[in-house]
Amino acid sequence: MRTLCASIVTILAARFAIYRGHSPLSSFSRKIETISADHLDARLSTNGVPTELTVLVDSFNTMIQKLEDGFSRLSFFSADIAHELRTPITNLTTQTQVILNRERSNEEYTDILYSHLEEYERMSKMVSDMLLLAQTEHGLITPSKDKIDVNQEIRDLTEYFEVLSDEKDITLTLRGPSIELVCDKTMFRQALSNLISNAIRYSPNDDEIIIETKDSADAFSISIINHGDVIPEEHLSRLFDRFYRTDFSRKRDGQGAGLGLTIAKSIIKINGGDIYAESSTQNTCFTIKFMEK
């Protein structure tokens, strides 16, 4: 009898101990069940949690934080896309309504079709840019390893942009030593092209844009320097965000889709480099830097 009673007490004590031991896990389960796509701000508390489970709680909270950040970026991106696409769609609708109000001459119909074509091309480029960003940011593109003569690439691009720069009497000047890089040639040209066109767009007339190469002990760099208006410090870190625009001198002028700098940074990063921006009363400088030589 004593043995039976002792066994029962032992079993009950063991069950109680197991229940108490599993209590934090049960609490976690109930808390996790409340988490959904529209309620990602929930976090598990470490108060009263056994030491063995603290790391698990911290890891779970970190995961939820990353999910919340991802959903937030996706939400903002969707809103930005809708905003950017709304303008050309509105233009197309308005122009079509106006042209249909009465009969027009063949010349007028031709003009409106050319105008529509410009809007279609703008939307097409925006969609292509967004697809490229999605591919680069999710590792869906494997860059090739090409040996590049950077200075020759710069000279080719300055010739390409000569017509655009001449419209504003801007001089493109290459300075610095000859350097060679190993990265995807097409991507490198696109990134550099985006930075040069951006510098031309925001430089004053009759200005000089300096493209300077540097070869230090542990890095290569290419800087594009122009003398446009100062970009405030609080905006510098966000210049590479999708569709980001300041309220100052660097507002969109109707050209592009606001993704040029974002794409440049993204494709340089998957090639092992990075892009930085600096701005002062003397100049504004965008620098491509590759740390590995």
# chains A, B, ... in the order shown; residues from 1 in each chain; ligands from 1

call {"tool": "residues_around", "arguments": {"residues": "Leu164 in chain A", "least_positions_apart": "6", "cutoff": "10 Å", "atoms": "only C-alpha atoms", "output": "list in words"}}
result
Thr158, Ile170, Ser197, Ile200 and Arg201 of chain A

call {"tool": "closest_residue", "arguments": {"among": "A:Ile154, A:Ile99, A:Leu236, A:Leu53", "to": "Ser178 in chain A", "atoms": "only C-alpha atoms"}}
result
A:Ile154

call {"tool": "select_by_dssp", "arguments": {"residues": "range 148-254 of chain A", "states": "alpha helix (DSSP H)", "output": "PyMOL selection string"}}
result
chain A and resi 150-160+162-167+185-202+233-236

call {"tool": "residues_around", "arguments": {"residues": "Ile81 in chain A", "least_positions_apart": "2", "cutoff": "10 Å", "atoms": "only C-alpha atoms", "output": "ChimeraX atom specification"}}
result
/A:75-79,83-86,126-127,130,242-243,257

call {"tool": "write_last_selection", "arguments": {"atoms": "C-alpha atoms", "output": "PDB file, in the first residue's frame"}}
result
ATOM      1  CA  SER A  75       3.637  48.019 -48.266  1.00  0.00           C
ATOM      2  CA  PHE A  76       5.574  51.224 -48.935  1.00  0.00           C
ATOM      3  CA  PHE A  77       6.872  49.847 -52.225  1.00  0.00           C
ATOM      4  CA  SER A  78       3.348  48.958 -53.351  1.00  0.00           C
ATOM      5  CA  ALA A  79       2.138  52.438 -52.457  1.00  0.00           C
ATOM      6  CA  HIS A  83       1.630  56.505 -57.056  1.00  0.00           C
ATOM      7  CA  GLU A  84       4.199  56.384 -59.859  1.00  0.00           C
ATOM      8  CA  LEU A  85       1.941  54.491 -62.254  1.00  0.00           C
ATOM      9  CA  ARG A  86      -1.030  56.709 -61.528  1.00  0.00           C
ATOM     10  CA  MET A 126       9.549  51.517 -64.767  1.00  0.00           C
ATOM     11  CA  VAL A 127       8.348  47.905 -64.860  1.00  0.00           C
ATOM     12  CA  MET A 130      11.386  47.149 -60.788  1.00  0.00           C
ATOM     13  CA  ARG A 242      13.093  53.394 -54.226  1.00  0.00           C
ATOM     14  CA  PHE A 243      11.256  56.431 -55.619  1.00  0.00           C
ATOM     15  CA  ALA A 257      11.094  56.636 -62.715  1.00  0.00           C
TER      16      ALA A 257
END

call {"tool": "select_by_dssp", "arguments": {"residues": "range 178-284 of chain A", "states": "strand (DSSP E or B)", "output": "PDB file with N, CA, C and O atoms, in the first residue's frame"}}
result
ATOM      1  N   GLU A 180      41.802  48.702 -63.194  1.00  0.00           N
ATOM      2  CA  GLU A 180      41.076  47.563 -63.751  1.00  0.00           C
ATOM      3  C   GLU A 180      40.267  46.896 -62.645  1.00  0.00           C
ATOM      4  O   GLU A 180      40.738  46.777 -61.513  1.00  0.00           O
ATOM      5  N   LEU A 181      39.054  46.491 -62.993  1.00  0.00           N
ATOM      6  CA  LEU A 181      38.179  45.803 -62.053  1.00  0.00           C
ATOM      7  C   LEU A 181      37.737  44.473 -62.645  1.00  0.00           C
ATOM      8  O   LEU A 181      37.737  44.301 -63.867  1.00  0.00           O
ATOM      9  N   VAL A 182      37.335  43.567 -61.774  1.00  0.00           N
ATOM     10  CA  VAL A 182      36.722  42.319 -62.213  1.00  0.00           C
ATOM     11  C   VAL A 182      35.289  42.309 -61.690  1.00  0.00           C
ATOM     12  O   VAL A 182      35.052  42.154 -60.490  1.00  0.00           O
ATOM     13  N   CYS A 183      34.354  42.535 -62.584  1.00  0.00           N
ATOM     14  CA  CYS A 183      32.931  42.515 -62.223  1.00  0.00           C
ATOM     15  C   CYS A 183      32.126  42.407 -63.507  1.00  0.00           C
ATOM     16  O   CYS A 183      32.703  42.319 -64.603  1.00  0.00           O
ATOM     17  N   GLU A 208      31.325  71.879 -64.650  1.00  0.00           N
ATOM     18  CA  GLU A 208      32.249  70.779 -64.936  1.00  0.00           C
ATOM     19  C   GLU A 208      31.943  69.622 -63.991  1.00  0.00           C
ATOM     20  O   GLU A 208      31.901  69.795 -62.773  1.00  0.00           O
ATOM     21  N   ILE A 209      31.718  68.454 -64.570  1.00  0.00           N
ATOM     22  CA  ILE A 209      31.541  67.233 -63.776  1.00  0.00           C
ATOM     23  C   ILE A 209      32.840  66.443 -63.840  1.00  0.00           C
ATOM     24  O   ILE A 209      33.343  66.133 -64.928  1.00  0.00           O
ATOM     25  N   ILE A 210      33.384  66.155 -62.680  1.00  0.00           N
ATOM     26  CA  ILE A 210      34.649  65.433 -62.606  1.00  0.00           C
ATOM     27  C   ILE A 210      34.384  63.974 -62.275  1.00  0.00           C
ATOM     28  O   ILE A 210      33.682  63.664 -61.305  1.00  0.00           O
ATOM     29  N   ILE A 211      34.941  63.100 -63.091  1.00  0.00           N
ATOM     30  CA  ILE A 211      34.879  61.660 -62.815  1.00  0.00           C
ATOM     31  C   ILE A 211      36.292  61.230 -62.449  1.00  0.00           C
ATOM     32  O   ILE A 211      37.187  61.219 -63.294  1.00  0.00           O
ATOM     33  N   GLU A 212      36.474  60.890 -61.182  1.00  0.00           N
ATOM     34  CA  GLU A 212      37.827  60.673 -60.659  1.00  0.00           C
ATOM     35  C   GLU A 212      38.024  59.226 -60.198  1.00  0.00           C
ATOM     36  O   GLU A 212      37.229  58.696 -59.424  1.00  0.00           O
ATOM     37  N   THR A 213      39.083  58.610 -60.691  1.00  0.00           N
ATOM     38  CA  THR A 213      39.431  57.262 -60.261  1.00  0.00           C
ATOM     39  C   THR A 213      40.528  57.327 -59.210  1.00  0.00           C
ATOM     40  O   THR A 213      41.393  58.206 -59.246  1.00  0.00           O
ATOM     41  N   LYS A 214      40.492  56.380 -58.265  1.00  0.00           N
ATOM     42  CA  LYS A 214      41.523  56.300 -57.229  1.00  0.00           C
ATOM     43  C   LYS A 214      41.901  54.842 -57.019  1.00  0.00           C
ATOM     44  O   LYS A 214      41.050  53.955 -57.066  1.00  0.00           O
ATOM     45  N   ASP A 215      43.184  54.629 -56.776  1.00  0.00           N
ATOM     46  CA  ASP A 215      43.709  53.282 -56.537  1.00  0.00           C
ATOM     47  C   ASP A 215      44.526  53.329 -55.250  1.00  0.00           C
ATOM     48  O   ASP A 215      45.691  53.727 -55.251  1.00  0.00           O
ATOM     49  N   PHE A 220      39.582  50.173 -54.806  1.00  0.00           N
ATOM     50  CA  PHE A 220      39.420  50.997 -55.998  1.00  0.00           C
ATOM     51  C   PHE A 220      38.192  51.870 -55.780  1.00  0.00           C
ATOM     52  O   PHE A 220      37.216  51.439 -55.159  1.00  0.00           O
ATOM     53  N   SER A 221      38.193  53.074 -56.341  1.00  0.00           N
ATOM     54  CA  SER A 221      36.992  53.900 -56.250  1.00  0.00           C
ATOM     55  C   SER A 221      36.862  54.773 -57.489  1.00  0.00           C
ATOM     56  O   SER A 221      37.859  55.139 -58.121  1.00  0.00           O
ATOM     57  N   ILE A 222      35.601  55.064 -57.828  1.00  0.00           N
ATOM     58  CA  ILE A 222      35.282  55.970 -58.925  1.00  0.00           C
ATOM     59  C   ILE A 222      34.297  56.990 -58.377  1.00  0.00           C
ATOM     60  O   ILE A 222      33.213  56.618 -57.912  1.00  0.00           O
ATOM     61  N   SER A 223      34.654  58.262 -58.407  1.00  0.00           N
ATOM     62  CA  SER A 223      33.808  59.328 -57.858  1.00  0.00           C
ATOM     63  C   SER A 223      33.269  60.193 -58.981  1.00  0.00           C
ATOM     64  O   SER A 223      34.015  60.571 -59.895  1.00  0.00           O
ATOM     65  N   ILE A 224      31.992  60.520 -58.910  1.00  0.00           N
ATOM     66  CA  ILE A 224      31.351  61.444 -59.853  1.00  0.00           C
ATOM     67  C   ILE A 224      31.001  62.698 -59.067  1.00  0.00           C
ATOM     68  O   ILE A 224      30.157  62.661 -58.164  1.00  0.00           O
ATOM     69  N   ILE A 225      31.645  63.797 -59.393  1.00  0.00           N
ATOM     70  CA  ILE A 225      31.553  65.025 -58.602  1.00  0.00           C
ATOM     71  C   ILE A 225      30.911  66.124 -59.440  1.00  0.00           C
ATOM     72  O   ILE A 225      31.374  66.432 -60.542  1.00  0.00           O
ATOM     73  N   ASN A 226      29.840  66.713 -58.921  1.00  0.00           N
ATOM     74  CA  ASN A 226      29.229  67.852 -59.593  1.00  0.00           C
ATOM     75  C   ASN A 226      29.018  68.981 -58.593  1.00  0.00           C
ATOM     76  O   ASN A 226      29.263  68.824 -57.399  1.00  0.00           O
ATOM     77  N   GLY A 273      30.765  45.609 -54.455  1.00  0.00           N
ATOM     78  CA  GLY A 273      31.110  46.989 -54.117  1.00  0.00           C
ATOM     79  C   GLY A 273      29.989  47.686 -53.387  1.00  0.00           C
ATOM     80  O   GLY A 273      29.039  47.058 -52.909  1.00  0.00           O
ATOM     81  N   ASP A 274      30.080  49.001 -53.324  1.00  0.00           N
ATOM     82  CA  ASP A 274      29.030  49.800 -52.691  1.00  0.00           C
ATOM     83  C   ASP A 274      29.110  51.217 -53.241  1.00  0.00           C
ATOM     84  O   ASP A 274      30.098  51.608 -53.885  1.00  0.00           O
ATOM     85  N   ILE A 275      28.057  51.997 -53.008  1.00  0.00           N
ATOM     86  CA  ILE A 275      28.009  53.390 -53.460  1.00  0.00           C
ATOM     87  C   ILE A 275      27.676  54.279 -52.275  1.00  0.00           C
ATOM     88  O   ILE A 275      26.792  53.961 -51.475  1.00  0.00           O
ATOM     89  N   TYR A 276      28.387  55.394 -52.179  1.00  0.00           N
ATOM     90  CA  TYR A 276      28.190  56.346 -51.088  1.00  0.00           C
ATOM     91  C   TYR A 276      27.953  57.736 -51.670  1.00  0.00           C
ATOM     92  O   TYR A 276      28.407  58.050 -52.775  1.00  0.00           O
ATOM     93  N   ALA A 277      27.217  58.554 -50.929  1.00  0.00           N
ATOM     94  CA  ALA A 277      26.936  59.917 -51.364  1.00  0.00           C
ATOM     95  C   ALA A 277      27.382  60.911 -50.300  1.00  0.00           C
ATOM     96  O   ALA A 277      27.194  60.681 -49.102  1.00  0.00           O
ATOM     97  N   GLU A 278      27.994  62.002 -50.740  1.00  0.00           N
ATOM     98  CA  GLU A 278      28.390  63.094 -49.860  1.00  0.00           C
ATOM     99  C   GLU A 278      27.993  64.409 -50.520  1.00  0.00           C
ATOM    100  O   GLU A 278      27.999  64.506 -51.755  1.00  0.00           O
ATOM    101  N   SER A 279      27.675  65.406 -49.716  1.00  0.00           N
ATOM    102  CA  SER A 279      27.291  66.699 -50.274  1.00  0.00           C
ATOM    103  C   SER A 279      27.708  67.823 -49.340  1.00  0.00           C
ATOM    104  O   SER A 279      27.540  67.727 -48.116  1.00  0.00           O
ATOM    105  N   THR A 284      28.794  67.914 -54.717  1.00  0.00           N
ATOM    106  CA  THR A 284      28.105  66.678 -54.360  1.00  0.00           C
ATOM    107  C   THR A 284      28.845  65.531 -55.039  1.00  0.00           C
ATOM    108  O   THR A 284      29.170  65.621 -56.231  1.00  0.00           O
TER     109      THR A 284
END
